[in-house]
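Remarks on the structure that follows.
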Amino acid sequence: MSNTQQTYPISSSDPQAQPNGGGTTASSSVSTHPAAPQSRQAAEEARKDRTLAEFMLMLDEYEPLIPNEVTDYYLQRVGFDCQDVRLKRLLSLAAQKFVSDIAADAYQHARIRTNATGGRARVNQPLTGPGSAKDKTRTTLTMDDLSAALGEYGINARKPEYYT
């Protein structure tokens with residue numbers, strides 16, 4: 001039983017597995033039945049590599065919302081020098097996702113804030129009037145909403161006390 005746990009699958013491209021130009025060695029005959037977790041792990045790694053390669057190929061054609069020139073400027077400013085356009089686009093995509101997540105969180109904070117105060121304010125408002133239906137669906141993002149969303153990511157965007 002300890003033999004099957006310590007053996008590893010040997011691929012046909014492994015030069016150590018076929019030292020005599022394709023002959024079978026004693027170690028390869030022992031490892032013909034690799035342990036199940038090892039083969040699952042190898043299959044998962046192969047799938048991840050294939051997925052990453054496909055994703056990197058897709059970046060050749062994808063144009064992120066953040067222009068390449070802006071990405072180049074900020075990467076140069078921090079001292080990052082790379083000529084691979086796909087890597088720069090990947091960083092642009094990550095920045096785009098980060099900003100999108102912050103905006104979505106700020107929007108949720110604004111909705112929570114307006115629903116908490118809006119319920120009491122609507123009771124006192126007349127139902128008829130120009131724009132009463134419009135005001136119920138409108139959400140205004142404030143700096144407090146943005147600061148709360150940024151705070152979840154560890155970014156302090158609040159003004160110091162002496163400015164307020």
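For the structure tokens, the naming scheme is as follows: chains receive sequential letters (A, B, ...) according to their order of presentation, residues are indexed from 1 within each chain, and ligands are indexed from 1 in presentation order.
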
Give the helix (DSSP H, G or I) residues of range 35-79 of chain A, as DSSP finds them on the backbone, and put them as a compact mmCIF listing (two decimals) with N, CA, C and O atoms, in the first residue's frame.
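Written file, states-v7.txt:
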```txt
# COMPACT_ATOMS: atom_id res chain seq x y z
N ALA A 36 -5.07 7.63 -7.13
CA ALA A 36 -6.16 8.44 -7.67
C ALA A 36 -6.00 9.92 -7.38
O ALA A 36 -6.20 10.73 -8.28
N PRO A 37 -5.64 10.36 -6.18
CA PRO A 37 -5.50 11.80 -5.95
C PRO A 37 -4.41 12.43 -6.82
O PRO A 37 -4.53 13.54 -7.26
N GLN A 38 -3.34 11.70 -7.09
CA GLN A 38 -2.26 12.25 -7.90
C GLN A 38 -2.72 12.48 -9.34
O GLN A 38 -2.42 13.49 -9.93
N SER A 39 -3.49 11.55 -9.89
CA SER A 39 -3.95 11.72 -11.27
C SER A 39 -5.00 12.83 -11.35
O SER A 39 -5.04 13.55 -12.33
N ARG A 40 -5.83 12.94 -10.35
CA ARG A 40 -6.81 14.03 -10.33
C ARG A 40 -6.11 15.38 -10.24
O ARG A 40 -6.50 16.33 -10.89
N GLN A 41 -5.07 15.43 -9.43
CA GLN A 41 -4.33 16.68 -9.28
C GLN A 41 -3.63 17.05 -10.59
O GLN A 41 -3.64 18.20 -11.00
N ALA A 42 -3.05 16.07 -11.25
CA ALA A 42 -2.39 16.33 -12.54
C ALA A 42 -3.40 16.78 -13.58
O ALA A 42 -3.12 17.68 -14.37
N ALA A 43 -4.57 16.16 -13.59
CA ALA A 43 -5.61 16.55 -14.55
C ALA A 43 -6.10 17.97 -14.26
O ALA A 43 -6.33 18.75 -15.19
N GLU A 44 -6.22 18.31 -12.99
CA GLU A 44 -6.66 19.66 -12.62
C GLU A 44 -5.61 20.70 -13.02
O GLU A 44 -5.94 21.76 -13.53
N GLU A 45 -4.34 20.39 -12.82
CA GLU A 45 -3.26 21.29 -13.22
C GLU A 45 -3.25 21.48 -14.73
O GLU A 45 -3.07 22.59 -15.23
N ALA A 46 -3.45 20.41 -15.47
CA ALA A 46 -3.48 20.50 -16.93
C ALA A 46 -4.66 21.34 -17.39
O ALA A 46 -4.53 22.14 -18.32
N ARG A 47 -5.80 21.19 -16.74
CA ARG A 47 -6.97 21.98 -17.09
C ARG A 47 -6.73 23.46 -16.80
O ARG A 47 -7.07 24.33 -17.60
N LYS A 48 -6.10 23.76 -15.67
CA LYS A 48 -5.81 25.15 -15.33
C LYS A 48 -4.83 25.77 -16.31
O LYS A 48 -5.00 26.92 -16.71
N ASP A 49 -3.81 25.00 -16.70
CA ASP A 49 -2.85 25.51 -17.69
C ASP A 49 -3.52 25.78 -19.02
O ASP A 49 -3.26 26.79 -19.66
N ARG A 50 -4.40 24.88 -19.44
CA ARG A 50 -5.12 25.04 -20.70
C ARG A 50 -6.03 26.27 -20.62
O ARG A 50 -6.08 27.06 -21.56
N THR A 51 -6.71 26.44 -19.51
CA THR A 51 -7.61 27.59 -19.34
C THR A 51 -6.83 28.89 -19.34
O THR A 51 -7.25 29.87 -19.95
N LEU A 52 -5.69 28.92 -18.66
CA LEU A 52 -4.87 30.13 -18.63
C LEU A 52 -4.34 30.47 -20.02
O LEU A 52 -4.34 31.63 -20.42
N ALA A 53 -3.91 29.46 -20.75
CA ALA A 53 -3.42 29.69 -22.11
C ALA A 53 -4.52 30.24 -23.01
O ALA A 53 -4.29 31.17 -23.79
N GLU A 54 -5.72 29.70 -22.89
CA GLU A 54 -6.85 30.20 -23.68
C GLU A 54 -7.19 31.64 -23.29
O GLU A 54 -7.47 32.48 -24.15
N PHE A 55 -7.13 31.94 -22.00
CA PHE A 55 -7.42 33.30 -21.53
C PHE A 55 -6.38 34.29 -22.05
O PHE A 55 -6.73 35.39 -22.48
N MET A 56 -5.12 33.90 -22.01
CA MET A 56 -4.07 34.80 -22.51
C MET A 56 -4.23 35.03 -24.01
O MET A 56 -3.95 36.13 -24.50
N LEU A 57 -4.68 34.03 -24.76
CA LEU A 57 -4.92 34.22 -26.19
C LEU A 57 -6.09 35.17 -26.41
O LEU A 57 -6.10 35.95 -27.36
N MET A 58 -7.09 35.12 -25.55
CA MET A 58 -8.23 36.02 -25.68
C MET A 58 -7.82 37.46 -25.41
O MET A 58 -8.42 38.40 -25.94
N LEU A 59 -6.79 37.67 -24.59
CA LEU A 59 -6.34 39.03 -24.29
C LEU A 59 -5.71 39.71 -25.51
O LEU A 59 -5.61 40.94 -25.54
N ASP A 60 -5.28 38.94 -26.50
CA ASP A 60 -4.73 39.53 -27.72
C ASP A 60 -5.77 40.39 -28.43
O ASP A 60 -5.45 41.44 -28.97
N GLU A 61 -7.01 39.95 -28.41
CA GLU A 61 -8.08 40.63 -29.13
C GLU A 61 -8.89 41.58 -28.25
O GLU A 61 -9.61 42.42 -28.75
N ASN A 68 -4.51 51.47 -23.19
CA ASN A 68 -3.15 50.96 -23.02
C ASN A 68 -2.17 52.08 -22.63
O ASN A 68 -1.24 51.84 -21.86
N GLU A 69 -2.40 53.28 -23.14
CA GLU A 69 -1.51 54.39 -22.83
C GLU A 69 -1.57 54.76 -21.35
O GLU A 69 -0.56 55.08 -20.74
N VAL A 70 -2.76 54.72 -20.79
CA VAL A 70 -2.92 55.02 -19.36
C VAL A 70 -2.24 53.95 -18.52
O VAL A 70 -1.52 54.24 -17.56
N THR A 71 -2.43 52.70 -18.90
CA THR A 71 -1.77 51.61 -18.19
C THR A 71 -0.26 51.74 -18.30
O THR A 71 0.46 51.58 -17.30
N ASP A 72 0.24 52.04 -19.51
CA ASP A 72 1.69 52.21 -19.70
C ASP A 72 2.23 53.33 -18.82
O ASP A 72 3.30 53.21 -18.22
N TYR A 73 1.50 54.45 -18.74
CA TYR A 73 1.94 55.58 -17.94
C TYR A 73 2.09 55.19 -16.47
O TYR A 73 3.12 55.44 -15.85
N TYR A 74 1.07 54.55 -15.91
CA TYR A 74 1.14 54.21 -14.48
C TYR A 74 2.13 53.09 -14.21
O TYR A 74 2.77 53.08 -13.16
N LEU A 75 2.27 52.15 -15.13
CA LEU A 75 3.27 51.10 -14.93
C LEU A 75 4.68 51.67 -15.01
O LEU A 75 5.57 51.28 -14.25
N GLN A 76 4.90 52.62 -15.91
CA GLN A 76 6.20 53.26 -16.01
C GLN A 76 6.47 54.09 -14.76
O GLN A 76 7.60 54.12 -14.26
N ARG A 77 5.45 54.71 -14.25
CA ARG A 77 5.60 55.57 -13.06
C ARG A 77 6.03 54.77 -11.83
O ARG A 77 6.76 55.29 -10.99
```

Min atom-atom distance to Gln108 in chain A from the set A:Ile66, A:Leu141, A:Val85, A:Leu93, counting only C-alpha atoms, belongs to A:Leu141

The distance between CA of Ala106 in chain A and CA of Met143 in chain A is 9.0 Å

Distance query Leu65 in chain A at most 10 Å, only C-alpha atoms, self and fewer than 3 positions along chain excluded, as an MDAnalysis selection string: chainID A and resid 62 68 89 92:93 95:96

Quick one: residues within 10 Å of Leu150 in chain A, only C-alpha atoms, excluding same-chain residues fewer than 3 positions away - as a VMD selection string? chain A and resid 99 101 to 103 105 to 106 144 to 147 153 to 158

Once you have the residues from the selection above, write them out as a compact mmCIF listing (two decimals), in the first residue's frame, restricted to N, CA and C atoms.
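Generated file (result_30.txt):
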```
# COMPACT_ATOMS: atom_id res chain seq x y z
N VAL A 99 -12.13 48.65 -9.79
CA VAL A 99 -12.95 49.87 -9.81
C VAL A 99 -14.43 49.51 -9.91
N ASP A 101 -15.90 46.76 -8.81
CA ASP A 101 -16.33 46.24 -7.50
C ASP A 101 -16.56 47.37 -6.51
N ILE A 102 -15.68 48.35 -6.50
CA ILE A 102 -15.84 49.49 -5.59
C ILE A 102 -17.10 50.27 -5.93
N ALA A 103 -17.34 50.50 -7.22
CA ALA A 103 -18.54 51.23 -7.63
C ALA A 103 -19.81 50.46 -7.26
N ASP A 105 -20.14 48.30 -4.79
CA ASP A 105 -20.29 48.36 -3.33
C ASP A 105 -20.79 49.74 -2.89
N ALA A 106 -20.27 50.79 -3.51
CA ALA A 106 -20.73 52.14 -3.18
C ALA A 106 -22.21 52.31 -3.53
N ASP A 144 -19.68 59.72 1.25
CA ASP A 144 -19.80 58.79 2.37
C ASP A 144 -20.00 57.35 1.87
N ASP A 145 -20.79 57.20 0.82
CA ASP A 145 -20.99 55.87 0.23
C ASP A 145 -19.68 55.32 -0.34
N LEU A 146 -18.96 56.19 -1.06
CA LEU A 146 -17.69 55.77 -1.63
C LEU A 146 -16.67 55.46 -0.54
N SER A 147 -16.63 56.28 0.49
CA SER A 147 -15.69 56.04 1.59
C SER A 147 -15.98 54.73 2.31
N TYR A 153 -12.14 47.72 1.42
CA TYR A 153 -10.93 47.27 0.75
C TYR A 153 -9.67 47.77 1.44
N GLY A 154 -9.83 48.41 2.59
CA GLY A 154 -8.67 48.89 3.35
C GLY A 154 -8.14 50.23 2.88
N ILE A 155 -8.93 50.99 2.16
CA ILE A 155 -8.50 52.29 1.65
C ILE A 155 -9.24 53.37 2.43
N ASN A 156 -8.48 54.28 3.04
CA ASN A 156 -9.07 55.37 3.80
C ASN A 156 -9.22 56.58 2.89
N ALA A 157 -10.46 56.97 2.59
CA ALA A 157 -10.73 58.09 1.70
C ALA A 157 -11.43 59.22 2.44
N ARG A 158 -11.43 59.20 3.73
CA ARG A 158 -12.10 60.24 4.50
C ARG A 158 -11.19 61.45 4.66
```

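Computed from the coordinates, the CA of Thr142 in chain A to CA of Tyr107 in chain A distance equals 9.4 Å.
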
Take CA of Leu90 in chain A and CA of Gly151 in chain A and report the distance between them in Å, one decimal. 25.0 Å
